[in-house]
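To be precise, the following lines are query00.txt, and they hold compact mmCIF, C-alpha atoms and all ligand atoms.
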# COMPACT_ATOMS: atom_id res chain seq x y z
CA MET A 1 -9.92 -59.57 -71.64
CA SER A 2 -10.03 -61.56 -68.42
CA GLU A 3 -13.43 -61.91 -66.73
CA HIS A 4 -12.08 -61.76 -63.18
CA ILE A 5 -12.07 -58.24 -61.77
CA GLU A 6 -9.92 -57.68 -58.71
CA ARG A 7 -10.97 -55.02 -56.20
CA LEU A 8 -8.34 -53.10 -54.22
CA LYS A 9 -8.27 -50.33 -51.65
CA THR A 10 -5.05 -48.86 -52.98
CA LEU A 11 -3.25 -49.40 -56.24
CA ILE A 12 0.18 -47.86 -56.74
CA ILE A 13 1.47 -47.37 -60.25
CA GLY A 14 5.23 -47.06 -60.59
CA SER A 15 8.16 -48.33 -58.55
CA GLY A 16 10.59 -45.48 -57.96
CA PRO A 17 11.29 -43.92 -54.55
CA ALA A 18 7.86 -42.22 -54.61
CA GLY A 19 5.97 -45.45 -55.30
CA TYR A 20 7.88 -47.52 -52.73
CA THR A 21 7.55 -44.88 -50.02
CA ALA A 22 3.81 -44.65 -50.73
CA ALA A 23 3.71 -48.46 -50.49
CA ILE A 24 5.51 -48.53 -47.11
CA TYR A 25 3.09 -45.99 -45.62
CA ALA A 26 -0.02 -47.47 -47.26
CA ALA A 27 0.85 -51.00 -46.14
CA ARG A 28 1.50 -49.86 -42.58
CA ALA A 29 -1.91 -48.12 -42.65
CA ASP A 30 -3.45 -51.48 -43.62
CA LEU A 31 -4.55 -50.32 -47.08
CA LYS A 32 -3.18 -53.60 -48.51
CA PRO A 33 -1.53 -51.87 -51.45
CA VAL A 34 -0.67 -53.56 -54.69
CA MET A 35 2.06 -52.00 -56.80
CA TYR A 36 2.60 -52.41 -60.52
CA THR A 37 6.22 -51.75 -61.31
CA GLY A 38 6.01 -50.59 -64.92
CA MET A 39 8.56 -51.24 -67.63
CA GLU A 40 11.58 -50.15 -65.62
CA PRO A 41 11.18 -51.69 -62.14
CA GLY A 42 12.90 -49.37 -59.67
CA GLY A 43 12.59 -46.37 -61.96
CA GLN A 44 15.28 -43.88 -62.93
CA LEU A 45 17.53 -44.72 -59.97
CA THR A 46 18.28 -48.12 -61.42
CA THR A 47 20.25 -46.34 -64.13
CA THR A 48 22.26 -44.34 -61.59
CA THR A 49 25.50 -45.78 -60.32
CA GLU A 50 26.06 -44.28 -56.90
CA VAL A 51 23.48 -42.43 -54.78
CA ASP A 52 25.36 -40.22 -52.34
CA ASN A 53 22.69 -37.68 -51.46
CA PHE A 54 19.92 -39.82 -49.92
CA PRO A 55 20.01 -39.29 -46.14
CA GLY A 56 20.84 -42.39 -44.12
CA TYR A 57 23.55 -43.84 -46.35
CA PRO A 58 26.81 -42.35 -45.05
CA GLU A 59 28.88 -44.42 -47.46
CA GLY A 60 26.48 -43.91 -50.40
CA ILE A 61 24.62 -46.74 -52.10
CA ASP A 62 24.26 -47.84 -55.69
CA GLY A 63 20.88 -47.07 -57.22
CA PRO A 64 19.75 -50.63 -58.03
CA THR A 65 20.61 -51.87 -54.49
CA MET A 66 18.70 -49.01 -52.95
CA MET A 67 15.63 -49.87 -55.01
CA VAL A 68 15.81 -53.55 -54.01
CA GLN A 69 15.99 -52.47 -50.37
CA LEU A 70 13.01 -50.13 -50.79
CA GLN A 71 11.08 -53.01 -52.37
CA GLN A 72 11.98 -55.32 -49.46
CA GLN A 73 10.88 -52.67 -46.98
CA ALA A 74 7.54 -52.21 -48.78
CA GLU A 75 7.02 -55.99 -48.94
CA ARG A 76 7.88 -56.42 -45.27
CA PHE A 77 4.65 -54.58 -44.40
CA GLY A 78 2.56 -56.52 -46.90
CA THR A 79 2.76 -54.60 -50.18
CA GLU A 80 2.27 -56.90 -53.13
CA VAL A 81 4.71 -55.90 -55.84
CA ARG A 82 3.76 -57.11 -59.30
CA ILE A 83 5.59 -56.77 -62.58
CA GLY A 84 3.23 -55.28 -65.10
CA MET A 85 2.38 -52.21 -67.07
CA VAL A 86 -0.82 -50.26 -66.59
CA SER A 87 -2.10 -49.81 -70.11
CA ALA A 88 -5.34 -47.87 -69.57
CA VAL A 89 -7.34 -46.17 -66.83
CA GLU A 90 -10.93 -45.03 -66.41
CA LEU A 91 -10.98 -42.59 -63.52
CA SER A 92 -14.18 -41.85 -61.64
CA ASP A 93 -15.35 -38.27 -61.08
CA GLU A 94 -17.42 -39.18 -58.04
CA PRO A 95 -16.14 -38.95 -54.48
CA GLY A 96 -15.97 -42.56 -53.31
CA GLY A 97 -16.12 -43.74 -56.95
CA ILE A 98 -14.17 -46.71 -58.26
CA HIS A 99 -11.27 -46.32 -60.68
CA ARG A 100 -10.87 -49.00 -63.33
CA VAL A 101 -7.35 -49.89 -64.34
CA THR A 102 -6.24 -52.22 -67.11
CA VAL A 103 -2.90 -53.98 -66.69
CA ASP A 104 -0.94 -55.37 -69.66
CA ASN A 105 -4.01 -54.86 -71.88
CA SER A 106 -5.80 -57.74 -70.18
CA LYS A 107 -6.28 -57.74 -66.42
CA ILE A 108 -8.88 -55.36 -64.97
CA ILE A 109 -8.52 -53.94 -61.47
CA GLU A 110 -10.99 -51.76 -59.61
CA ALA A 111 -9.31 -49.47 -57.10
CA GLU A 112 -10.80 -47.22 -54.45
CA THR A 113 -7.66 -45.11 -54.46
CA LEU A 114 -4.89 -44.76 -56.98
CA ILE A 115 -1.39 -43.46 -56.33
CA ILE A 116 0.37 -42.44 -59.52
CA SER A 117 4.16 -42.55 -59.25
CA THR A 118 5.05 -43.21 -62.86
CA GLY A 119 7.92 -40.72 -62.85
CA ALA A 120 9.47 -38.89 -65.73
CA SER A 121 12.05 -40.01 -68.23
CA ALA A 122 15.07 -37.91 -69.08
CA LYS A 123 15.34 -37.22 -72.77
CA TYR A 124 18.54 -38.34 -74.43
CA LEU A 125 20.07 -37.43 -77.77
CA ASN A 126 19.69 -41.04 -78.87
CA ILE A 127 22.91 -41.29 -80.81
CA PRO A 128 24.64 -44.69 -80.54
CA SER A 129 27.85 -43.50 -78.81
CA GLU A 130 25.78 -41.68 -76.16
CA GLN A 131 23.58 -44.71 -75.49
CA LYS A 132 26.62 -47.01 -75.28
CA LEU A 133 28.24 -44.85 -72.60
CA ARG A 134 25.20 -44.28 -70.37
CA GLY A 135 26.49 -45.19 -66.91
CA GLY A 136 30.04 -44.90 -68.23
CA GLY A 137 30.25 -41.12 -68.05
CA VAL A 138 27.01 -40.10 -69.78
CA SER A 139 24.44 -38.93 -67.26
CA ALA A 140 21.17 -36.99 -67.26
CA CYS A 141 21.51 -35.75 -63.69
CA ALA A 142 24.33 -33.45 -62.62
CA VAL A 143 23.13 -33.29 -59.02
CA CYS A 144 23.23 -37.11 -58.82
CA ASP A 145 26.49 -37.76 -60.64
CA GLY A 146 28.45 -34.48 -60.82
CA PHE A 147 30.50 -35.25 -57.74
CA PHE A 148 32.25 -38.13 -59.54
CA TYR A 149 33.82 -35.62 -61.90
CA LYS A 150 35.40 -33.43 -59.24
CA GLY A 151 38.31 -31.48 -60.69
CA GLN A 152 37.71 -32.91 -64.18
CA GLU A 153 36.54 -31.48 -67.51
CA VAL A 154 32.96 -32.18 -68.50
CA ALA A 155 30.39 -31.05 -71.06
CA ILE A 156 26.67 -30.41 -70.81
CA VAL A 157 24.11 -30.35 -73.62
CA GLY A 158 21.07 -28.06 -73.55
CA GLY A 159 20.16 -24.41 -73.28
CA GLY A 160 17.16 -24.48 -70.92
CA ASP A 161 16.90 -23.73 -67.21
CA THR A 162 17.92 -27.26 -66.27
CA ALA A 163 21.09 -27.12 -68.38
CA ALA A 164 21.97 -23.68 -67.04
CA GLU A 165 21.33 -24.71 -63.45
CA GLU A 166 23.29 -27.95 -63.84
CA ALA A 167 26.15 -26.16 -65.63
CA SER A 168 26.49 -23.78 -62.64
CA TYR A 169 26.32 -26.73 -60.27
CA LEU A 170 29.05 -28.56 -62.21
CA ALA A 171 31.19 -25.42 -62.43
CA ASN A 172 31.51 -25.51 -58.64
CA ILE A 173 32.86 -29.03 -58.72
CA CYS A 174 34.63 -29.45 -62.05
CA LYS A 175 37.65 -27.82 -63.57
CA LYS A 176 35.87 -26.84 -66.77
CA VAL A 177 32.35 -27.14 -68.16
CA THR A 178 31.69 -26.84 -71.89
CA MET A 179 28.03 -26.07 -72.57
CA LEU A 180 26.62 -27.00 -75.96
CA VAL A 181 23.60 -24.93 -77.06
CA ARG A 182 22.14 -25.88 -80.42
CA LYS A 183 20.69 -22.44 -81.22
CA ASP A 184 22.43 -19.07 -81.23
CA HIS A 185 20.71 -18.27 -77.95
CA MET A 186 19.59 -20.02 -74.78
CA ARG A 187 16.05 -20.77 -73.75
CA ALA A 188 16.94 -20.41 -70.05
CA SER A 189 15.70 -17.41 -68.06
CA LYS A 190 17.82 -14.27 -68.21
CA ALA A 191 18.82 -14.73 -64.57
CA MET A 192 20.11 -18.25 -65.26
CA GLN A 193 21.93 -17.08 -68.39
CA HIS A 194 23.57 -14.34 -66.38
CA ARG A 195 24.72 -16.93 -63.86
CA VAL A 196 26.36 -19.22 -66.42
CA ASN A 197 27.90 -16.26 -68.23
CA SER A 198 29.43 -15.02 -65.00
CA LEU A 199 31.24 -18.27 -64.21
CA GLU A 200 34.73 -18.31 -65.64
CA ASN A 201 35.07 -22.05 -66.00
CA ILE A 202 31.93 -22.42 -68.16
CA GLU A 203 32.53 -22.12 -71.87
CA ILE A 204 29.33 -21.75 -73.87
CA ARG A 205 29.34 -22.99 -77.46
CA TYR A 206 26.33 -21.77 -79.42
CA ASN A 207 25.08 -23.41 -82.63
CA THR A 208 26.86 -26.51 -81.43
CA GLU A 209 25.69 -30.11 -81.15
CA VAL A 210 27.17 -33.46 -80.20
CA ASP A 211 28.58 -35.31 -83.18
CA GLU A 212 29.92 -38.24 -81.19
CA VAL A 213 30.81 -39.18 -77.63
CA LEU A 214 34.33 -40.63 -77.66
CA GLY A 215 35.50 -43.62 -75.62
CA GLU A 216 34.89 -47.36 -75.51
CA GLN A 217 34.07 -48.23 -71.86
CA VAL A 218 34.06 -44.73 -70.40
CA VAL A 219 33.79 -41.22 -71.80
CA GLU A 220 37.17 -39.91 -72.94
CA GLY A 221 36.16 -37.03 -75.16
CA LEU A 222 33.54 -35.33 -77.26
CA ARG A 223 33.38 -34.47 -80.94
CA MET A 224 31.22 -31.38 -81.40
CA VAL A 225 29.87 -29.97 -84.62
CA ASN A 226 28.96 -26.40 -85.41
CA ASN A 227 25.56 -26.70 -87.10
CA GLN A 228 26.13 -23.48 -89.10
CA THR A 229 29.57 -24.17 -90.52
CA GLY A 230 29.76 -27.98 -90.23
CA GLU A 231 33.11 -27.59 -88.53
CA LYS A 232 33.97 -30.39 -86.11
CA GLU A 233 36.12 -30.19 -83.01
CA GLU A 234 37.23 -32.72 -80.41
CA ILE A 235 37.66 -31.91 -76.72
CA PRO A 236 38.83 -34.19 -73.90
CA ILE A 237 36.12 -34.74 -71.27
CA THR A 238 35.35 -37.49 -68.76
CA GLY A 239 31.66 -36.74 -68.26
CA LEU A 240 28.81 -35.73 -70.57
CA PHE A 241 25.60 -34.41 -69.01
CA VAL A 242 22.49 -34.39 -71.15
CA ALA A 243 20.01 -31.76 -69.97
CA ILE A 244 17.56 -31.44 -72.83
CA GLY A 245 14.38 -31.93 -70.82
CA HIS A 246 12.26 -34.65 -69.26
CA LYS A 247 9.03 -36.26 -70.32
CA PRO A 248 6.57 -37.14 -67.57
CA ASN A 249 5.09 -40.61 -67.98
CA THR A 250 1.48 -39.49 -68.10
CA ASP A 251 0.23 -40.55 -71.52
CA ILE A 252 -2.36 -42.99 -70.13
CA PHE A 253 -3.91 -40.26 -67.96
CA LYS A 254 -4.25 -37.64 -70.72
CA GLY A 255 -7.73 -36.17 -70.92
CA GLN A 256 -8.63 -37.52 -67.47
CA LEU A 257 -6.39 -35.60 -65.09
CA ARG A 258 -5.49 -31.94 -65.02
CA MET A 259 -1.93 -31.48 -66.34
CA ASP A 260 0.27 -28.56 -67.22
CA ASP A 261 1.30 -27.84 -70.79
CA MET A 262 4.27 -30.21 -70.48
CA GLY A 263 2.13 -33.11 -69.26
CA TYR A 264 3.02 -32.99 -65.56
CA ILE A 265 0.08 -33.85 -63.29
CA ILE A 266 -1.17 -30.84 -61.35
CA THR A 267 -1.70 -31.46 -57.64
CA GLU A 268 -3.64 -29.33 -55.18
CA SER A 269 -1.30 -27.06 -53.25
CA LYS A 270 0.76 -28.83 -50.60
CA THR A 271 -1.09 -32.13 -51.15
CA THR A 272 -0.87 -34.95 -53.69
CA LYS A 273 -4.57 -34.64 -54.65
CA THR A 274 -5.19 -34.59 -58.38
CA SER A 275 -8.29 -33.32 -60.19
CA LYS A 276 -10.08 -36.66 -59.54
CA PRO A 277 -11.21 -37.75 -56.06
CA GLY A 278 -9.23 -40.69 -54.74
CA VAL A 279 -6.40 -40.25 -57.26
CA PHE A 280 -3.09 -39.00 -55.92
CA ALA A 281 0.20 -38.21 -57.68
CA SER A 282 3.68 -38.35 -56.18
CA GLY A 283 7.25 -38.04 -57.37
CA ASP A 284 8.57 -36.71 -60.65
CA VAL A 285 5.26 -37.21 -62.44
CA GLN A 286 4.05 -34.07 -60.64
CA ASP A 287 7.39 -32.32 -60.06
CA LYS A 288 9.52 -30.74 -62.75
CA GLU A 289 11.35 -28.55 -60.30
CA TYR A 290 13.23 -30.68 -57.74
CA ARG A 291 13.28 -34.20 -59.23
CA GLN A 292 15.31 -35.80 -56.44
CA ALA A 293 14.88 -39.26 -54.92
CA ILE A 294 14.38 -37.74 -51.48
CA THR A 295 11.72 -35.26 -52.65
CA ALA A 296 9.97 -38.06 -54.56
CA ALA A 297 10.02 -40.22 -51.42
CA GLY A 298 8.57 -37.34 -49.42
CA THR A 299 5.63 -36.92 -51.78
CA GLY A 300 5.13 -40.72 -51.83
CA CYS A 301 4.60 -40.56 -48.07
CA MET A 302 2.15 -37.68 -48.57
CA ALA A 303 0.21 -39.63 -51.21
CA ALA A 304 -0.30 -42.60 -48.89
CA LEU A 305 -1.43 -40.32 -46.06
CA ASP A 306 -3.78 -38.48 -48.44
CA ALA A 307 -5.19 -41.83 -49.64
CA GLU A 308 -5.69 -43.07 -46.08
CA ARG A 309 -7.52 -39.88 -45.07
CA TYR A 310 -9.64 -39.97 -48.21
CA LEU A 311 -10.72 -43.57 -47.54
CA ALA A 312 -11.56 -42.69 -43.93
CA MET A 313 -13.63 -39.73 -45.13
CA VAL A 314 -15.52 -41.90 -47.66
CA ALA A 315 -16.15 -44.57 -45.00
CA SER A 316 -17.49 -42.05 -42.50
CA LYS A 317 -19.84 -40.54 -45.13
CA GLU A 318 -21.11 -44.02 -46.00
CA ALA A 319 -21.65 -44.75 -42.30
CA VAL A 320 -23.69 -41.56 -41.88
CA ALA A 321 -25.74 -42.34 -45.02
CA SER A 322 -26.62 -45.89 -43.93
P1 LIG B 401 13.51 -27.17 -71.72
O1 LIG B 401 12.58 -27.91 -72.60
O2 LIG B 401 13.12 -25.85 -71.20
O3 LIG B 401 14.91 -26.96 -72.48
C1 LIG B 401 15.49 -27.99 -73.18
C2 LIG B 401 16.77 -27.47 -73.83
O4 LIG B 401 17.40 -28.55 -74.48
C3 LIG B 401 16.54 -26.39 -74.87
O5 LIG B 401 17.61 -25.48 -74.85
C4 LIG B 401 16.54 -27.20 -76.16
O6 LIG B 401 16.99 -26.47 -77.27
C5 LIG B 401 17.58 -28.24 -75.86
N1 LIG B 401 17.41 -29.45 -76.64
C6 LIG B 401 16.28 -30.20 -76.78
N2 LIG B 401 16.52 -31.26 -77.59
C7 LIG B 401 17.81 -31.16 -77.94
C8 LIG B 401 18.67 -31.96 -78.74
N3 LIG B 401 18.22 -33.07 -79.34
N4 LIG B 401 19.94 -31.57 -78.91
C9 LIG B 401 20.42 -30.45 -78.31
N5 LIG B 401 19.67 -29.65 -77.53
C10 LIG B 401 18.39 -30.01 -77.35
O7 LIG B 401 13.86 -28.22 -70.54
P2 LIG B 401 14.43 -27.96 -69.08
O8 LIG B 401 14.60 -29.29 -68.48
O9 LIG B 401 15.59 -27.06 -69.13
O10 LIG B 401 13.25 -27.21 -68.32
C11 LIG B 401 11.96 -27.79 -68.21
C12 LIG B 401 11.03 -26.82 -67.47
O11 LIG B 401 11.40 -26.75 -66.09
C13 LIG B 401 11.11 -25.40 -68.02
O12 LIG B 401 9.83 -24.82 -67.94
C14 LIG B 401 12.04 -24.73 -67.06
O13 LIG B 401 11.85 -23.32 -67.01
C15 LIG B 401 11.69 -25.41 -65.74
N6 LIG B 401 12.83 -25.39 -64.81
C16 LIG B 401 12.91 -24.37 -63.93
C17 LIG B 401 13.96 -24.29 -63.06
C18 LIG B 401 14.00 -23.18 -62.10
O14 LIG B 401 13.18 -22.30 -62.20
N7 LIG B 401 14.92 -23.18 -61.18
C19 LIG B 401 15.05 -25.28 -63.04
C20 LIG B 401 14.89 -26.29 -64.04
C21 LIG B 401 13.82 -26.33 -64.89
P3 LIG B 401 16.02 -25.45 -78.07
O15 LIG B 401 15.91 -24.23 -77.21
O16 LIG B 401 16.77 -25.24 -79.31
O17 LIG B 401 14.71 -26.15 -78.27
Before anything else, please render the file you have as structure tokens.
Ligand code: NDP
Amino acid sequence: MSEHIERLKTLIIGSGPAGYTAAIYAARADLKPVMYTGMEPGGQLTTTTEVDNFPGYPEGIDGPTMMVQLQQQAERFGTEVRIGMVSAVELSDEPGGIHRVTVDNSKIIEAETLIISTGASAKYLNIPSEQKLRGGGVSACAVCDGFFYKGQEVAIVGGGDTAAEEASYLANICKKVTMLVRKDHMRASKAMQHRVNSLENIEIRYNTEVDEVLGEQVVEGLRMVNNQTGEKEEIPITGLFVAIGHKPNTDIFKGQLRMDDMGYIITESKTTKTSKPGVFASGDVQDKEYRQAITAAGTGCMAALDAERYLAMVASKEAVAS
């Protein structure tokens, strides 16, 4: 362990749209934020090809470029962006208390406020042909990428609310959507099931899983397997959407912050305040519902404003006490 302990007003963990927006606002409020990027600098958007739904980009923008631009904007106001992984935290319960953060198992930082923007990771099937074609027709976000498959035939894996919602979304754009549900029933709410059942261009295959995604550079088809009979079948598709859930990146905060049963950080209504004073959460790490770059950016802004107000409140209490 290093002996030197750095002291910061605001530490931001995670470098997606939420983290960078928090950084822009925090830096402009003179909180001198430092950001640790995590393992995947730029977050989930760096694995997206084209972002067409972020306001302000009439021609669209590719995900990695957008994240570089967000970084440049955050740095322009003085954010220090560092590559590193927060490996442990000790969060204070006291208003005005100091939070201790360990980076890369060695460096210790003491932060007056902490903005957690560590995001969530889409779950994948983790079969080789799927991994090979990520970005080449395999996607985990229909709202982000569905448009590229306009008028084409696609498939979606999963039987939860996300899969049902995304299947309906795709059905509006695509010629045909084949939905693969591994059980003989869906987990999605009855209302969502009704919606997918009512759409003529969605074909639901129960007891069915992906055997292999076909294609070398881009998706050209899908081999499905019926897990009851073992029967295999190939269909031509150009896009495969995996909608089998997300995992919020909250392991290091377990036991210290209030979370829901899926591990998402719970924030106080209409704020980014967590269960610990001075600790704020923004982006997908606290949102399993919307999960869009623009909503993440919005909550990043809120987190920086909440942090600024919290620091002002602590300072005024200290001034009264002294
Ligand atoms: P869920 O965990 O609810 O569903 C995941 C689905 O993927 C299940 O059908 C599951 O099958 C299937 N699955 C998991 N692993 C595999 C695999 N390896 N191969 C094939 N299928 C697999 O995740 P969601 O993202 O759908 O939803 C997360 C939460 O967000 C839920 O609480 C949901 O209600 C909520 N939500 C609400 C929305 C709304 O209200 N509008 C919209 C979207 C989400 P199995 O059932 O067999 O385990």
query = Neighbours of ligand LIG 401 (chain B) within 9 Å, counting all atoms listed in the file, as a PyMOL selection string?
reply = chain A and resi 122-126+157-166+180-189+192+208-210+242-246+262+288-290
Would you give the centre and edge lengths, in Å to one decimal, of a box along x, y and z around the listed atoms of range 153-158 of chain A, with 4 Å added to each side, as JSON?
{"center_x": 28.8, "center_y": -30.1, "center_z": -70.6, "size_x": 23.5, "size_y": 12.1, "size_z": 14.1}
Selection near Gln73 in chain A, 12 Å with all atoms listed in the file, sequence-local residues under 5 positions removed, as a list in words = Pro17, Tyr20, Thr21, Ala22, Ala23, Ile24, Tyr25, Ala27, Arg28, Met66, Met67, Val68, Gly78, Thr79, Glu80 and Val81 of chain A
message = Env of range 214-222 of chain A: 7 Å cut, atoms = all atoms listed in the file, seq-sep filter 5 positions within chain, self excluded. Answer as a list in words.
response =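 In the requested format, the answer is Leu133, Gly136, Gly137, Glu234, Ile235, Pro236, Ile237, Thr238 and Gly239 of chain A.
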ask   = What's the 9 Å shell around Leu257 in chain A, counting all atoms listed in the file, without same-chain residues fewer than 4 positions away, as a PyMOL selection string?
value = chain A and resi 91+253+265-266+274-276
Those same residues - C-alpha atoms - I'd like them written as a PDB file, keeping the file's coordinate frame.
ATOM      1  CA  LEU A  91     -10.980 -42.590 -63.520  1.00  0.00           C
ATOM      2  CA  PHE A 253      -3.910 -40.260 -67.960  1.00  0.00           C
ATOM      3  CA  ILE A 265       0.080 -33.850 -63.290  1.00  0.00           C
ATOM      4  CA  ILE A 266      -1.170 -30.840 -61.350  1.00  0.00           C
ATOM      5  CA  THR A 274      -5.190 -34.590 -58.380  1.00  0.00           C
ATOM      6  CA  SER A 275      -8.290 -33.320 -60.190  1.00  0.00           C
ATOM      7  CA  LYS A 276     -10.080 -36.660 -59.540  1.00  0.00           C
TER       8      LYS A 276
END
message = Using only C-alpha atoms, which protein or nucleic acid residues come within 12 Å of Leu311 in chain A? Drop anything in the same chain fewer than 5 positions from it, and give the result as a list in words.
response = Leu8, Lys9, Thr10, Ala26, Ala29, Asp30, Leu31, Pro95, Gly96, Gly97, Ile98, Ala111, Glu112, Thr113, Leu114, Pro277, Gly278, Val279, Ala304, Leu305, Asp306, Ser316, Lys317 and Glu318 of chain A
message = Set the distance at 12 Å and use all atoms listed in the file: which residues neighbour range 267-273 of chain A once local chain neighbours fewer than 6 positions away are removed? I'd like the list as an NGL selection string.
response = :A and (18 or 22 or 113-117 or 257-260 or 279-287 or 296 or 298-307 or 309-310)
task = Could you check which of A:Asn226, A:Gln193, A:Asn201, A:Gln256 is closest to Thr178 in chain A, using only C-alpha atoms?
result = A:Asn201
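For the residues A:Gly151, A:Gly255, A:Gly63, A:Pro128, ranking by smallest atom-to-atom distance to Glu212 in chain A using only C-alpha atoms places A:Pro128 first.
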request  = For each of A:Val34, A:Arg195, A:Glu59, A:Gly42, take the minimum atom-to-atom distance to Gln71 in chain A, counting only C-alpha atoms, then give the residue where this is smallest.
outcome  =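 Of A:Val34, A:Arg195, A:Glu59, A:Gly42, the one nearest Gln71 in chain A, counting only C-alpha atoms, is A:Gly42.
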ask   = What is the distance, in Å and to one decimal place, between CA of Glu233 in chain A and CA of Lys150 in chain A?
value = 24.0 Å
task = State, in Å with one decimal place, the distance from CA of Gln44 in chain A to CA of Ile61 in chain A.
result =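 Answer for the CA of Gln44 in chain A to CA of Ile61 in chain A separation: 14.6 Å.
Shortest atom-to-atom contact with Glu200 in chain A among A:Val213, A:Cys174, A:Val225, A:Val86: A:Cys174, counting all atoms listed in the file.
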message = Between CA of Ala142 in chain A and CA of Gln69 in chain A, what distance in Å does the model show, to one decimal?
response = 24.1 Å
query = Which residue out of A:Ala312, A:Leu70, A:Val138, A:Met85 has the minimum interatomic distance to Gly14 in chain A when only C-alpha atoms are used?
reply =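 Among the listed residues, the smallest separation from Gly14 in chain A belongs to A:Met85.
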ask   = From the set A:Ala167, A:Cys141, A:Met313, A:Ala120, which residue has the shortest atom-to-atom contact distance to Asp251 in chain A, counting only C-alpha atoms?
value =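 Looking at the shortest contact to Asp251 in chain A, the residue is A:Ala120.
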